[in-house]
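**Student:** Sharing a structure below in structure tokens format, with a few things to ask.
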Amino acid sequence: MGMEGSQGMAHYELRKVTFAYPEQASLALSDVSLSIKPGEFIVICGPSGSGKSTLLRMLKREVSPGGRMSGAILLDQVPLQEWPARELAAHVGLVMQNPDNQLVVDTVEHELAFGMENFGIPRDAMRRRMAEMAGFFGLEPLLDRKTDELSGGQKQTVNLAAVLMLQPKVLLLDEPLAQLDPLAARELLGMIKRLNEEWGITVIMSEHRIDELLPLADRVVRMGHGRVLFEGDSRAFALEAWNRSDEDWASALPSITRWALELAPPKMTPAADEPPLTVKEARKWLERAGMVGKSDARSAAHSVDRGKTSSTTAEGELLAARGLFYAYDKHSPAVLMGLEWQIRRGDWAVLFGGNGSGKSTLLQLLAGLRIPQRGSVHWEGTPFARMSSKQRCSAIGYLAQNPVLHFAYDSLREDLMQAASRAGADNPEQEARKMAERFGIAHLLSRHPHDMSGGEQQLGALAITLLGKPRLLLLDEPTKGLDPLAKMRLGEHLRHIHDQGTTLLMATHDVEFAAAYATRCSLLFHGEIVADGEPEAFFQGNLFYATPLHRLIALGEAGSR
């Protein structure tokens, strides 16, 4: 390589790495070569199944998948397989895509201490690290909480803190933002950037939600079909994505960048090799092109939302929550406190709320999976208590936050066939195939569900749920783990079933998805619904529960006053 001194030495070096999973003809990784320097912040992006998660797992030997590999992976110029196990485990930390897969003990405090105890770190040092890390991540109020009672975002934060207890030199993160609300995602990214800049930790992050990441990254690596398709800085990546006609690439552009480039293409703007990555930069870009103003921003925002139409009109109460009160146990504060809410026939409602606000709990109560301590849930005026579980299940479909919970068999085909059989299909196999083709996962029918990517599992779980033909579909974080193009396709699938008469309620942190598709937005805070209305009115004036476009409009209006 011709590098001299430790600063020039690559932390990681991948030399023509090729990998295939057992009994799979196609390659998961093909001829991947990368050099990652100490202290770099690398973002790995690409569609579901492109090899991002496989590549990350290959960088940590303890979780490296079984299969056929050729090429070499070196860490500090030493082949990964030659590193002592204990030293390597402490050197490289990994935060996985699904936080439940990483939590191993009962309480937050025990989880934070678990790795240090295994490494025999002295008690005084453990207590000092615990105090420092719990303070850094704001975890003191959660130390006594059971890990299975935490929200997805809280679990992810605990996992990150637990990994950092061993003071790794490299931090691998597999879609860490997937379960975080907008504020928590920004806070976590701020912490990761501080770890990168102030502690010099090398950060290698796989993520679909790259809008907030591009301004922070030193380098972007774009994967596709197991290959590295692009490697360069964030602005070069934005230009590459803009200049390609490929829909897959175009969907990877941050919305604010795409919007600014559509309104003022690079040829119209000085400094055209520096496309905007933030709201502030987008405003300057449009100013340079002589195209900024309140009316410009508003008309462009409407043009972005032009696809949001629905033939379904919301009318009449379908599902109602009346005085819902719920607490996990008598020692914990109530999650819901006298909540009153109704879902109307034809709604496409979106439920927002911070991590731990009770969104998932509320969805489970509305699905009949939990029983409120006080209050009741009514379906078309009939209390759940007077309905059989079969009646509820045939009327209400529920997609859990963790898609793995929906799989019970050794292949996707069998899971789909069983769901079709339960719904009384005449030809379950044909129904299963039709549903798989509709979601673009027919090629995975023989795959074990646990061997599918997070995005593929999400689509498979949704297909299983829809085979039950529910009248109301409850979805907990349905866009989690989906790449931008898959998210657009999911939106069109949901729009189709909504237009066919299915009422939708989804809990999500995905503000842009909600802005593009929802007909109603609600905010859960402190156990109650504190805001409820049409999306445009809901988003106006919000700081975090707003799209970048709404923030740009607000910035333009503030500047014009």
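Identifiers in the structure tokens: chain A, B, ... in order shown; residue index from 1 per chain; ligand index from 1 in order shown.
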Residues near Leu166 in chain A, anyone? I mean within 10 Å using only C-alpha atoms, not counting same-chain ones fewer than 4 positions away, as a ChimeraX atom specification.
**Tutor:** /A:89-93,112-113,115-116,119,121,126,129,161-162
**Student:** What does the distance between CA of Asp248 in chain A and CA of Leu173 in chain A come to in Å, to one decimal place?
**Tutor:**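 Answer for the CA of Asp248 in chain A to CA of Leu173 in chain A separation: 22.8 Å.
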**Student:** So that I can see what lies close to range 49-57 of chain A, please list as a VMD selection string the residues with an atom at most 6 Å from it, counting only C-alpha atoms and leaving out residues fewer than 2 positions away in the same chain.
**Tutor:** chain A and resid 28 46 to 47 59 to 60 63 to 64 223 to 226
**Student:** Between CA of Tyr545 in chain A and CA of Val511 in chain A, what is the distance in Å, rounded to a tenth?
**Tutor:**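 Separating CA of Tyr545 in chain A from CA of Val511 in chain A is a distance of 6.3 Å.
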**Student:** Please identify all polymer residues within 10 Å of Glu149 in chain A, counting only C-alpha atoms, omitting same-chain residues fewer than 5 positions from it, and present them as a list in words.
**Tutor:**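 Once the nearby chain positions are removed, what remains is Asp106, Thr107, Gln154, Lys155, Tyr328 and Gly356 of chain A.
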**Student:** Within 8 Å of range 178-192 of chain A, counting only C-alpha atoms, which residues qualify if same-chain residues fewer than 2 places away don't, as a list of chain:residue names?
**Tutor:** A:Gln97, A:Gly152, A:Gly153, A:Gln156, A:Thr157, A:Glu175, A:Pro176, A:Arg194, A:Leu195, A:Asn196, A:Val203, A:Arg209, A:Glu212, A:Leu213, A:Gly353, A:Gly354, A:Asn355, A:Glu477, A:Lys480, A:Gly481, A:Thr508, A:His509, A:Asp510, A:Phe544, A:Tyr545
**Student:** Take the residues that were just selected and, keeping C-alpha atoms, output them as a PDB file, in the first residue's frame.
**Tutor:**
```
ATOM      1  CA  GLN A  97     -30.185  -4.481  13.548  1.00  0.00           C
ATOM      2  CA  GLY A 152     -37.219  -0.533  20.684  1.00  0.00           C
ATOM      3  CA  GLY A 153     -35.288   2.724  20.763  1.00  0.00           C
ATOM      4  CA  GLN A 156     -30.972   0.078  20.982  1.00  0.00           C
ATOM      5  CA  THR A 157     -29.491   2.792  23.203  1.00  0.00           C
ATOM      6  CA  GLU A 175     -29.157   0.048  10.977  1.00  0.00           C
ATOM      7  CA  PRO A 176     -29.115   1.515  14.502  1.00  0.00           C
ATOM      8  CA  ARG A 194     -18.829  12.609  19.318  1.00  0.00           C
ATOM      9  CA  LEU A 195     -17.434   9.112  19.917  1.00  0.00           C
ATOM     10  CA  ASN A 196     -15.909   9.274  16.448  1.00  0.00           C
ATOM     11  CA  VAL A 203     -17.421   4.005  12.919  1.00  0.00           C
ATOM     12  CA  ARG A 209     -32.036   6.348   6.600  1.00  0.00           C
ATOM     13  CA  GLU A 212     -29.035  12.672   8.636  1.00  0.00           C
ATOM     14  CA  LEU A 213     -25.878  10.621   8.035  1.00  0.00           C
ATOM     15  CA  GLY A 353     -44.608   9.469  19.813  1.00  0.00           C
ATOM     16  CA  GLY A 354     -41.181   9.334  21.403  1.00  0.00           C
ATOM     17  CA  ASN A 355     -39.436   6.086  22.267  1.00  0.00           C
ATOM     18  CA  GLU A 477     -42.987   0.442  12.517  1.00  0.00           C
ATOM     19  CA  LYS A 480     -38.266  -0.295   9.664  1.00  0.00           C
ATOM     20  CA  GLY A 481     -35.458  -2.076   7.824  1.00  0.00           C
ATOM     21  CA  THR A 508     -44.014   4.935  13.124  1.00  0.00           C
ATOM     22  CA  HIS A 509     -41.096   7.318  13.421  1.00  0.00           C
ATOM     23  CA  ASP A 510     -40.988   7.733   9.635  1.00  0.00           C
ATOM     24  CA  PHE A 544     -38.862  17.175  14.915  1.00  0.00           C
ATOM     25  CA  TYR A 545     -42.130  15.648  13.732  1.00  0.00           C
TER      26      TYR A 545
END
```
**Student:** Please, what distance in Å, to one decimal, runs between CA of Gln77 in chain A and CA of Leu160 in chain A?
**Tutor:**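 Between CA of Gln77 in chain A and CA of Leu160 in chain A the gap works out to 26.7 Å.
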**Student:** Report as JSON lines: every residue of range 375-396 of chain A with an atom at most 9 Å from range 316-321 of chain A, its closest pair of atoms, and their distance in Å to one decimal, counting only C-alpha atoms, with rows sorted by chain and ascending residue number.
**Tutor:**
```
{"residue": "A:Gly375", "atom": "CA", "partner": "A:Ala321", "partner_atom": "CA", "distance": 7.7}
{"residue": "A:Ser376", "atom": "CA", "partner": "A:Ala321", "partner_atom": "CA", "distance": 6.2}
{"residue": "A:Val377", "atom": "CA", "partner": "A:Ala321", "partner_atom": "CA", "distance": 4.7}
{"residue": "A:His378", "atom": "CA", "partner": "A:Ala320", "partner_atom": "CA", "distance": 5.1}
{"residue": "A:Trp379", "atom": "CA", "partner": "A:Leu319", "partner_atom": "CA", "distance": 4.8}
{"residue": "A:Glu380", "atom": "CA", "partner": "A:Leu318", "partner_atom": "CA", "distance": 4.9}
{"residue": "A:Gly381", "atom": "CA", "partner": "A:Leu319", "partner_atom": "CA", "distance": 7.7}
```
**Student:** Give the helix (DSSP H, G or I) residues of range 120-345 of chain A, as DSSP finds them on the backbone, and put them as a PyMOL selection string.
**Tutor:** chain A and resi 123-137+140-142+147-149+152-164+182-198+234-243+247-250+255-263+266-268+279-288+294-307
**Student:** Would you pick out the contacts of Tyr517 in chain A at 12 Å or less, using only C-alpha atoms, so that residues sharing its chain but fewer than 2 positions from it are not included, and give the list as a PyMOL selection string?
**Tutor:** chain A and resi 304-310+347-350+487-496+498-499+504-506+510-515+519-521+534-536
**Student:** Go through A:Met69, A:Leu416, A:Leu362, A:Ile441 and flag the residue nearest Tyr21 in chain A, using only C-alpha atoms for the distances.
**Tutor:** A:Met69
